[in-house]
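What follows is a short report on a single structure.
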Amino acid sequence: MIENRNVNIITDADGKKLVLINDIRFKAKVRDDWSAVEEYLKEYIGDFYEIEETSEKIFISADFPDEYASSESRIALKGAVAKAKANAAQAIPELIRIATNSKHEANRKEKHKTDAVYGWYRYNIRFALPVYDDKTGKVARHNIYSASMLVRHANDGRKYLYDILAIKKGGCKKSCVYGEKSFLIGIRYVEIHCQISLLLCCRISFLIIVLPVYLFLYTYIKFFVHQSGISRKEILCGRCPHPASGIRLDISGNTANADGIRPGHS
């Protein structure tokens, strides 16, 4: 295993693991950068690491560095995703350890009839890379990436890491838990966003639900008072201003006699 790697496995708020890569070692802007990545990966050759979820052993063979750094899919990568794959090379052991959701598929290529005779396995992995502030040089936030780890099942019965594919930049929860501490990711932005969203939601709910009901009741009571000359307080209490008459108001605002019978009804 390569020494002096600043890499940790952390757990997010949903209990899912991801690999935190704390250093940006490769820029991945020119071909020489990828040559450095390939040389770095050669240090893993001959090692094997175990997937914690399934206890499978994944070996690193001599063909892995070249495939990782020089394949057609890698050449097609640009920008942040290319940089992410280059720097994920620092965390190969940890990425293998957290791999989940194994999916098997048969080999369909003639060139892999021996080295992948028992097919291919794809696993889900996630990792995070720091983004530095241009002015202070300090970590401003972390970008989270999801990817697919491709493993070949060779004729010797072993499983070998072949490549890391389908790298996508994704989001993260408000925080990720690291041990007993919280590793906060963009917490200030998330908190402000949540507060604004809650405020807007409350205001919209008031405008759509509460305000129309209030205006309807206000208009109805005002109209009834104007027509009957009865005060709002008496209406709300269900009383007629002339109790001696034996007439009272029911809840709907209609008049009724002492027996609860409305005029004109038997």
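FYI, nothing fancy with the structure tokens labels: chains A, B, ... in order, residues from 1 per chain, ligands from 1 as they appear.
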- Query: If we count only C-alpha atoms, what is near A:Glu67 at a cut-off of 9 Å, once residues fewer than 3 positions away on the same chain are taken out, given as a PyMOL selection string?
  - Reply: chain A and resi 38+63-64+70-72+74+162-163
- Message: With DSSP run on the backbone, what are the strand (DSSP E or B) residues within stretch 48-134 of chain A? I'd like them as a PyMOL selection string.
- Response: chain A and resi 48-50+57-59+100-105+120-132
Take the residues from that selection and put them in a file with N, CA and C atoms, as a PDB file, in the first residue's frame.
ATOM      1  N   PHE A  48      -4.049  -6.492  -2.548  1.00  0.00           N
ATOM      2  CA  PHE A  48      -5.480  -6.796  -2.608  1.00  0.00           C
ATOM      3  C   PHE A  48      -6.160  -6.166  -1.404  1.00  0.00           C
ATOM      4  N   TYR A  49      -7.448  -5.822  -1.577  1.00  0.00           N
ATOM      5  CA  TYR A  49      -8.221  -5.158  -0.535  1.00  0.00           C
ATOM      6  C   TYR A  49      -9.596  -5.804  -0.478  1.00  0.00           C
ATOM      7  N   GLU A  50     -10.211  -5.754   0.684  1.00  0.00           N
ATOM      8  CA  GLU A  50     -11.461  -6.473   0.901  1.00  0.00           C
ATOM      9  C   GLU A  50     -12.654  -5.524   0.955  1.00  0.00           C
ATOM     10  N   LYS A  57     -12.380 -10.277  -1.889  1.00  0.00           N
ATOM     11  CA  LYS A  57     -11.027  -9.754  -2.065  1.00  0.00           C
ATOM     12  C   LYS A  57     -10.856  -9.269  -3.503  1.00  0.00           C
ATOM     13  N   ILE A  58     -10.422  -8.040  -3.655  1.00  0.00           N
ATOM     14  CA  ILE A  58     -10.207  -7.440  -4.975  1.00  0.00           C
ATOM     15  C   ILE A  58      -8.703  -7.206  -5.145  1.00  0.00           C
ATOM     16  N   PHE A  59      -8.147  -7.793  -6.185  1.00  0.00           N
ATOM     17  CA  PHE A  59      -6.715  -7.711  -6.427  1.00  0.00           C
ATOM     18  C   PHE A  59      -6.391  -6.611  -7.438  1.00  0.00           C
ATOM     19  N   THR A 100     -20.422  -0.993  -2.788  1.00  0.00           N
ATOM     20  CA  THR A 100     -21.718  -1.599  -2.458  1.00  0.00           C
ATOM     21  C   THR A 100     -22.493  -1.939  -3.731  1.00  0.00           C
ATOM     22  N   ASN A 101     -23.598  -2.654  -3.543  1.00  0.00           N
ATOM     23  CA  ASN A 101     -24.565  -2.947  -4.619  1.00  0.00           C
ATOM     24  C   ASN A 101     -23.918  -3.637  -5.814  1.00  0.00           C
ATOM     25  N   SER A 102     -23.359  -4.791  -5.590  1.00  0.00           N
ATOM     26  CA  SER A 102     -22.707  -5.556  -6.653  1.00  0.00           C
ATOM     27  C   SER A 102     -23.712  -5.998  -7.722  1.00  0.00           C
ATOM     28  N   LYS A 103     -23.347  -5.785  -8.982  1.00  0.00           N
ATOM     29  CA  LYS A 103     -24.170  -6.228 -10.114  1.00  0.00           C
ATOM     30  C   LYS A 103     -23.291  -6.978 -11.105  1.00  0.00           C
ATOM     31  N   HIS A 104     -23.706  -8.178 -11.468  1.00  0.00           N
ATOM     32  CA  HIS A 104     -22.907  -9.027 -12.343  1.00  0.00           C
ATOM     33  C   HIS A 104     -23.438  -8.984 -13.775  1.00  0.00           C
ATOM     34  N   GLU A 105     -22.516  -9.063 -14.727  1.00  0.00           N
ATOM     35  CA  GLU A 105     -22.897  -9.185 -16.134  1.00  0.00           C
ATOM     36  C   GLU A 105     -21.883 -10.073 -16.840  1.00  0.00           C
ATOM     37  N   TRP A 120     -18.171  -9.754 -15.359  1.00  0.00           N
ATOM     38  CA  TRP A 120     -17.802  -8.472 -14.763  1.00  0.00           C
ATOM     39  C   TRP A 120     -18.721  -8.139 -13.602  1.00  0.00           C
ATOM     40  N   TYR A 121     -18.180  -7.370 -12.658  1.00  0.00           N
ATOM     41  CA  TYR A 121     -18.961  -6.900 -11.526  1.00  0.00           C
ATOM     42  C   TYR A 121     -18.842  -5.382 -11.449  1.00  0.00           C
ATOM     43  N   ARG A 122     -19.957  -4.749 -11.200  1.00  0.00           N
ATOM     44  CA  ARG A 122     -19.974  -3.296 -11.006  1.00  0.00           C
ATOM     45  C   ARG A 122     -20.446  -2.992  -9.586  1.00  0.00           C
ATOM     46  N   TYR A 123     -19.758  -2.077  -8.947  1.00  0.00           N
ATOM     47  CA  TYR A 123     -20.089  -1.668  -7.585  1.00  0.00           C
ATOM     48  C   TYR A 123     -20.262  -0.155  -7.544  1.00  0.00           C
ATOM     49  N   ASN A 124     -21.124   0.303  -6.642  1.00  0.00           N
ATOM     50  CA  ASN A 124     -21.300   1.745  -6.436  1.00  0.00           C
ATOM     51  C   ASN A 124     -20.279   2.244  -5.419  1.00  0.00           C
ATOM     52  N   ILE A 125     -19.656   3.374  -5.724  1.00  0.00           N
ATOM     53  CA  ILE A 125     -18.723   4.009  -4.797  1.00  0.00           C
ATOM     54  C   ILE A 125     -18.970   5.513  -4.785  1.00  0.00           C
ATOM     55  N   ARG A 126     -18.544   6.179  -3.711  1.00  0.00           N
ATOM     56  CA  ARG A 126     -18.642   7.639  -3.620  1.00  0.00           C
ATOM     57  C   ARG A 126     -17.380   8.190  -2.972  1.00  0.00           C
ATOM     58  N   PHE A 127     -16.998   9.383  -3.406  1.00  0.00           N
ATOM     59  CA  PHE A 127     -15.842  10.026  -2.789  1.00  0.00           C
ATOM     60  C   PHE A 127     -16.011  11.537  -2.839  1.00  0.00           C
ATOM     61  N   ALA A 128     -15.256  12.224  -1.990  1.00  0.00           N
ATOM     62  CA  ALA A 128     -15.336  13.681  -1.887  1.00  0.00           C
ATOM     63  C   ALA A 128     -13.960  14.290  -2.085  1.00  0.00           C
ATOM     64  N   LEU A 129     -13.930  15.429  -2.783  1.00  0.00           N
ATOM     65  CA  LEU A 129     -12.686  16.165  -3.015  1.00  0.00           C
ATOM     66  C   LEU A 129     -12.827  17.601  -2.534  1.00  0.00           C
ATOM     67  N   PRO A 130     -11.784  18.167  -1.977  1.00  0.00           N
ATOM     68  CA  PRO A 130     -11.870  19.538  -1.481  1.00  0.00           C
ATOM     69  C   PRO A 130     -11.833  20.569  -2.605  1.00  0.00           C
ATOM     70  N   VAL A 131     -12.511  21.685  -2.375  1.00  0.00           N
ATOM     71  CA  VAL A 131     -12.459  22.833  -3.274  1.00  0.00           C
ATOM     72  C   VAL A 131     -11.886  23.991  -2.463  1.00  0.00           C
ATOM     73  N   TYR A 132     -10.792  24.574  -2.953  1.00  0.00           N
ATOM     74  CA  TYR A 132     -10.090  25.599  -2.191  1.00  0.00           C
ATOM     75  C   TYR A 132     -10.529  27.008  -2.589  1.00  0.00           C
TER      76      TYR A 132
END
- Message: Using only C-alpha atoms, which protein or nucleic acid residues come within 12 Å of A:Lys78? Drop anything in the same chain fewer than 5 positions from it, and give the result as an NGL selection string.
- Response: :A and (27-30 or 73 or 83-86 or 167-168)
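Our summary of the geometry notes that atom CA of A:Val7 is positioned 29.4 Å from atom CA of A:Ala154.
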- Query: Using the chain letters and numbers from this document, which residues of stretch 64-200 of chain A does DSSP assign to helix (DSSP H, G or I), as number ranges by chain?
  - Reply: A: 64-70, 72-75, 79-98, 110-112, 187-200
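One finds atom CA of A:Asp33 at 29.1 Å from atom CA of A:Ile51.
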- Might you pull out every residue within 7 Å of A:Glu94, with only C-alpha atoms counted and same-chain residues fewer than 4 positions away left off, and present them as JSON, numbers by chain? {"A": [9, 19, 98]}
- At what distance in Å, to one decimal, does atom CA of A:Ala88 lie from atom CA of A:Glu39? 14.0 Å
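In this comparison, which uses only C-alpha atoms, the residue of A:Ala80, A:Leu200, A:Ala116, A:Ile45 approaching A:Asn143 most closely is A:Ala80.
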- Item | Nearest to A:Asp115 by atom-to-atom distance, counting only C-alpha atoms, from A:Gly46, A:Gly170, A:Gly157, A:Pro65 | A:Gly157
